[in-house]
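**Q** So that we are looking at the same thing, I have put the structure below in structure tokens.
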Amino acid sequence: MPTHFEIHDSFISEQNQKTNDWVKEDYEHLSKKLRRQNVDIEDLVAKAQGFRFAIPSWGVGTGGTRFARFPGAGEPRDIYEKLEDCGTIYKLVRSTPAVSLHIPWDKPEDAGDLREFARQRDLHFDAMNSNTFQDQPGQKHSYKFGSLTHPEKSVREQAIQHNIECIEVGKALGSKAHTVWIGDGGNFPGQQHFRRALERYLESMREIYAALPDDWRVFIEHKFYEPAFYSTVINDWGTSYYCARELGPKAFCLVDLGHHAPNVNIEMIVARLIQFGKLAGFHFNDSKYGDDDLDSGSIKPFQLFLIFNELVDAELNKEPYFSPAYMLDQSHNVTDPIESLMMSGVELVRAYIQAHLVDRQELTDAQAKCDPLRALATLKQAFTTDVAPILAAARARAGGAIDPIGTFRASGYRQRKAEERPARKGAAASGIV
Ligand code: PSV
Ligand code: MN
């Protein structure tokens with residue numbers, strides 16, 4: 001039995017042959033349609049090929065809820081196997097050359113070796129992520145009542161050192177950013193002094209900020225509830241923005257789509273952060289009720305499009321400090337994580353390309369003439385355009401799959417991994433529970 005099964009380029013192009021003619025036909029038709037709107041389809045293919053986003057290492061493992069996790073056969077057991085799966089996703093969709101690591105889950109024994117392993121798969125490392133929301137075996141102080149904002153200095157100090165260690169690991173891996181999300185908050189009214197907790201956060205973050213290399217950025221990720229259910233210290237984008245400003249020019253605000261109260265206008269938050277020069281980037285996912293970590297575009301595709309509408313508007317306007325880091329942050333509880341990540345990735349590129357189809361002159365004119373229906377119709381025209389042939393062409397021309405999920409299934413990758421990766425006794429769960 002050969003170990004480390006890989007999907008070969010020749011297999012992908014063989015599979016592509018099956019649907020190539022149809023894609024060509026659809027592409028021609030769309031190309032004509034777009035020409036009527038003065039849009040060159042080739043420009044959009046180039047845009048689709050240029051759109052890049054990172055895979056979170058924890059996303060390739062099966063996720064779960066606080067009730068249960070149902071691990072799938074053949075899921076990755078360590079960071080090397082996670083990188084193998086990330087490499088497979090990259091091969092098939094061609095837009096995910098970066099992986100985001102979570103420390104200590106992915107702490108490498110030999111960073112040089114891991115970097116080389118990634119390089120061989122054309123992968124590199126995106127933002128590092130610290131973890132002070134769990135206690136680790138042998139850890140001196142507990143984070144039960146907080147980490148960077150804990151009332152006791154010794155606990156805060158331990159959490160600060162952990163973040164600095166993440167930056168050190170990231171330096172060895174070639175990363176350029178560090179994301180800080182803390183679970184700190186309160187479960188009971190009165191449990192925390194709101195202002196003092198935030199002061200302690202800033203005091204801790206200043207030390208982490210001081211450890212950043214010159215060409216690094218730090219991303220502050222807010223979240224309004226969970227694991228704390230009454231209050232969280234970094235609860236919303238306003239608090240995040242205040243902290244980023246206080247910390248300095250290397251600090252930015254990260255938007256995880258699941259971290260807002262229901263019905264909040266996230267695209268507007270995105271626009272505000274762009275305008276204030278503090279948008280770090282995204283953790284993409286979708287949500288129905290809370291931080292559900294569902295697959296991107298599975299619940300509210302129009303919202304995803306509206307977010308990309310703001311991003312593309314900023315890109316075209318060349319807004320200062322606009323350099324968003326894109327990542328998926330999802331929990332795949334009932335699907336094959338590789339399939340979910342590929343499908344979600346396609347949804348991101350779709351929304352990005354559709355946003356490029358918005359007739360900006362028409363929209364500006366409708367806004368100036370106070371014509372809300374024409375404004376909406378302009379957005380809807382872009383949103384309802386089926387750009388699938390553009391996405392398929394972008395992938396296929398780069399050596400990827402016209403049908404990533406069909407090709408993945410036909411390859412037998414997961415079955416082969418189930419043979420290669422028998423469950424290890426006592427192995428840690430590889431996804432989020
Ligand atoms: C928290 O819910 C979060 O979105 C943060 O990004 C964490 O790093 C990630 O999920 C994994 O728990
Ligand atoms: Mn997140």
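Within each chain, counting starts at residue 1; across the structure tokens, chains are named A, B, ... in the order shown, with ligands numbered 1 upward in that order.
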Using only C-alpha atoms and all ligand atoms, find each protein or nucleic acid residue lying at most 7 Å from ligand 1; present the set as a PDB file with C-alpha atoms, in the first residue's frame.

**A**
```
ATOM      1  CA  ASN A 129      -3.341  32.278  16.192  1.00  0.00           C
ATOM      2  CA  ASN A 131      -4.898  30.060  22.306  1.00  0.00           C
ATOM      3  CA  TRP A 181      -8.863  36.191  20.058  1.00  0.00           C
ATOM      4  CA  GLU A 221     -10.708  39.519  16.729  1.00  0.00           C
ATOM      5  CA  ASP A 256     -15.260  36.970  11.870  1.00  0.00           C
ATOM      6  CA  HIS A 283     -12.637  34.851   9.189  1.00  0.00           C
ATOM      7  CA  ASP A 291     -21.312  31.716  15.996  1.00  0.00           C
ATOM      8  CA  ASP A 329     -12.949  29.848   9.897  1.00  0.00           C
ATOM      9  CA  ILE A 432     -12.942  22.347  17.100  1.00  0.00           C
TER      10      ILE A 432
END
```

**Q** With the cut-off set at 10 Å and counting only C-alpha atoms and all ligand atoms, tabulate each residue of chain A with an atom at most that distance from an atom of ligand 2, showing the nearest atom pair and its distance in Å to one decimal, ordered by chain and increasing number, as CSV.

**A**
```
residue,atom,partner,partner_atom_place_in_ligand_line,distance
A:Pro56,CA,ligand 2,1 (Mn),9.4
A:Asn129,CA,ligand 2,1 (Mn),9.5
A:Thr179,CA,ligand 2,1 (Mn),9.1
A:Val180,CA,ligand 2,1 (Mn),9.6
A:Trp181,CA,ligand 2,1 (Mn),7.6
A:Glu221,CA,ligand 2,1 (Mn),7.0
A:His222,CA,ligand 2,1 (Mn),8.7
A:Lys223,CA,ligand 2,1 (Mn),8.6
A:Leu254,CA,ligand 2,1 (Mn),8.5
A:Val255,CA,ligand 2,1 (Mn),7.9
A:Asp256,CA,ligand 2,1 (Mn),5.1
A:Leu257,CA,ligand 2,1 (Mn),8.1
A:Gly258,CA,ligand 2,1 (Mn),7.9
A:His259,CA,ligand 2,1 (Mn),7.9
A:Phe282,CA,ligand 2,1 (Mn),8.0
A:His283,CA,ligand 2,1 (Mn),5.1
A:Phe284,CA,ligand 2,1 (Mn),7.9
A:Asn285,CA,ligand 2,1 (Mn),8.7
A:Asp291,CA,ligand 2,1 (Mn),9.2
A:Asp293,CA,ligand 2,1 (Mn),8.7
A:Met327,CA,ligand 2,1 (Mn),8.9
A:Leu328,CA,ligand 2,1 (Mn),8.3
A:Asp329,CA,ligand 2,1 (Mn),5.4
A:Gln330,CA,ligand 2,1 (Mn),8.1
```

**Q** So that I can see what lies close to His4 in chain A, please list as number ranges by chain the residues with an atom at most 9 Å from it, counting only C-alpha atoms and leaving out residues fewer than 5 positions away in the same chain.

**A** A: 84, 416-417, 420

**Q** Using only C-alpha atoms, can you tell me which of A:Ile103, A:Ala355, A:Ala410, A:Leu212 comes closest to Val387 in chain A?

**A**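 Of A:Ile103, A:Ala355, A:Ala410, A:Leu212, the one nearest Val387 in chain A, counting only C-alpha atoms, is A:Ala355.
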
**Q** With only C-alpha atoms as the counted atoms, please give the residues lying no more than 9 Å from Ser13 in chain A, apart from itself and same-chain residues fewer than 6 positions off, as a PyMOL selection string.

**A** chain A and resi 396+399-402

**Q** Can you tell me which residues surround Ser411 in chain A at a distance of at most 12 Å, considering only C-alpha atoms, apart from same-chain residues fewer than 2 positions away, and format the answer as a list in words?

**A**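 Residues near the query, excluding close chain neighbours: Phe5, Glu6, Ile7, His8, Asp9, Ser10, Phe11, Ile12, Glu14, Gln15, Thr88, Leu92, Ala401, Pro404, Ile405, Gly406, Thr407, Phe408, Arg409, Tyr413, Arg414, Gln415, Arg416 and Lys417 of chain A.
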
**Q** Can you tell me, as a list in words, which residues in range 142-274 of chain A count as strand (DSSP E) by DSSP?

**A**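 Listing strand (DSSP E) positions across range 142-274 of chain A yields Ala177, His178, Thr179, Val180, Gly185, Gly186, Arg217, Val218, Phe219, Ile220, Glu221, Ser231, Thr232, Ala251, Phe252, Cys253, Leu254, Val255 and Asp256 of chain A.
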
**Q** What would the file look like if the residues just selected were written as a PDB file, in the first residue's frame with C-alpha atoms?

**A**
```
ATOM      1  CA  ALA A 177       0.715  38.448  11.230  1.00  0.00           C
ATOM      2  CA  HIS A 178      -0.624  37.373  14.585  1.00  0.00           C
ATOM      3  CA  THR A 179      -4.317  37.061  15.456  1.00  0.00           C
ATOM      4  CA  VAL A 180      -5.451  37.432  19.040  1.00  0.00           C
ATOM      5  CA  GLY A 185     -15.496  37.814  29.705  1.00  0.00           C
ATOM      6  CA  GLY A 186     -18.150  37.245  32.345  1.00  0.00           C
ATOM      7  CA  ARG A 217       0.632  43.151  11.854  1.00  0.00           C
ATOM      8  CA  VAL A 218      -1.489  42.126  14.811  1.00  0.00           C
ATOM      9  CA  PHE A 219      -5.178  41.349  14.293  1.00  0.00           C
ATOM     10  CA  ILE A 220      -7.722  41.859  17.060  1.00  0.00           C
ATOM     11  CA  GLU A 221     -10.708  39.519  16.729  1.00  0.00           C
ATOM     12  CA  SER A 231     -20.214  39.863  28.534  1.00  0.00           C
ATOM     13  CA  THR A 232     -16.960  39.642  26.648  1.00  0.00           C
ATOM     14  CA  ALA A 251      -2.805  46.809  14.930  1.00  0.00           C
ATOM     15  CA  PHE A 252      -5.953  46.077  12.897  1.00  0.00           C
ATOM     16  CA  CYS A 253      -9.481  44.758  13.444  1.00  0.00           C
ATOM     17  CA  LEU A 254     -10.419  41.301  12.227  1.00  0.00           C
ATOM     18  CA  VAL A 255     -14.016  40.516  11.275  1.00  0.00           C
ATOM     19  CA  ASP A 256     -15.260  36.970  11.870  1.00  0.00           C
TER      20      ASP A 256
END
```

**Q** Tell me, as a ChimeraX atom specification, which residues lie within 7 Å of Asn333 in chain A, counting only C-alpha atoms; anything in the same chain fewer than 4 positions away does not count.

**A** /A:62-64

**Q** Go ahead and dump the residues you just picked, C-alpha atoms, as a PDB file, in the first residue's frame.

**A**
```
ATOM      1  CA  THR A  62     -13.888  17.273  11.775  1.00  0.00           C
ATOM      2  CA  GLY A  63     -15.509  19.868  14.006  1.00  0.00           C
ATOM      3  CA  GLY A  64     -18.188  19.322  16.576  1.00  0.00           C
TER       4      GLY A  64
END
```

**Q** Provide the CA of Phe125 in chain A to CA of Glu315 in chain A distance in Å, to one decimal place.

**A** 23.6 Å

**Q** Hey, what's within 9 Å of Val169 in chain A if we count only C-alpha atoms and toss same-chain stuff fewer than 6 positions away? As a PyMOL selection string, please?

**A** chain A and resi 103+107-108+111+128+175

**Q** Would you output that residue set with N, CA and C atoms, as a short mmCIF file (atom, residue, chain, number, x, y, z; two decimals), in the first residue's frame?

**A**
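Output below, filename result.cif:
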```cif
data_model
loop_
_atom_site.label_atom_id
_atom_site.label_comp_id
_atom_site.auth_asym_id
_atom_site.auth_seq_id
_atom_site.Cartn_x
_atom_site.Cartn_y
_atom_site.Cartn_z
N ILE A 103 -1.65 27.85 17.76
CA ILE A 103 -0.67 27.35 18.73
C ILE A 103 -1.32 27.29 20.12
N LYS A 107 1.82 23.36 17.24
CA LYS A 107 3.19 23.77 17.55
C LYS A 107 4.20 22.78 16.94
N PRO A 108 5.06 23.28 16.05
CA PRO A 108 5.99 22.35 15.40
C PRO A 108 7.18 22.00 16.30
N ALA A 111 10.49 23.86 13.32
CA ALA A 111 9.81 24.81 12.44
C ALA A 111 10.40 24.78 11.02
N MET A 128 -0.65 33.72 12.46
CA MET A 128 -0.59 32.80 13.59
C MET A 128 -1.81 33.07 14.48
N SER A 175 5.63 33.60 8.72
CA SER A 175 4.35 34.29 8.84
C SER A 175 4.58 35.79 9.02
#
```

**Q** For Gly61 in chain A, which residue among A:Val334, A:Met343, A:Ile164, A:Leu348 is the nearest when counting only C-alpha atoms?

**A**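 Smallest distance to Gly61 in chain A is found for A:Val334.
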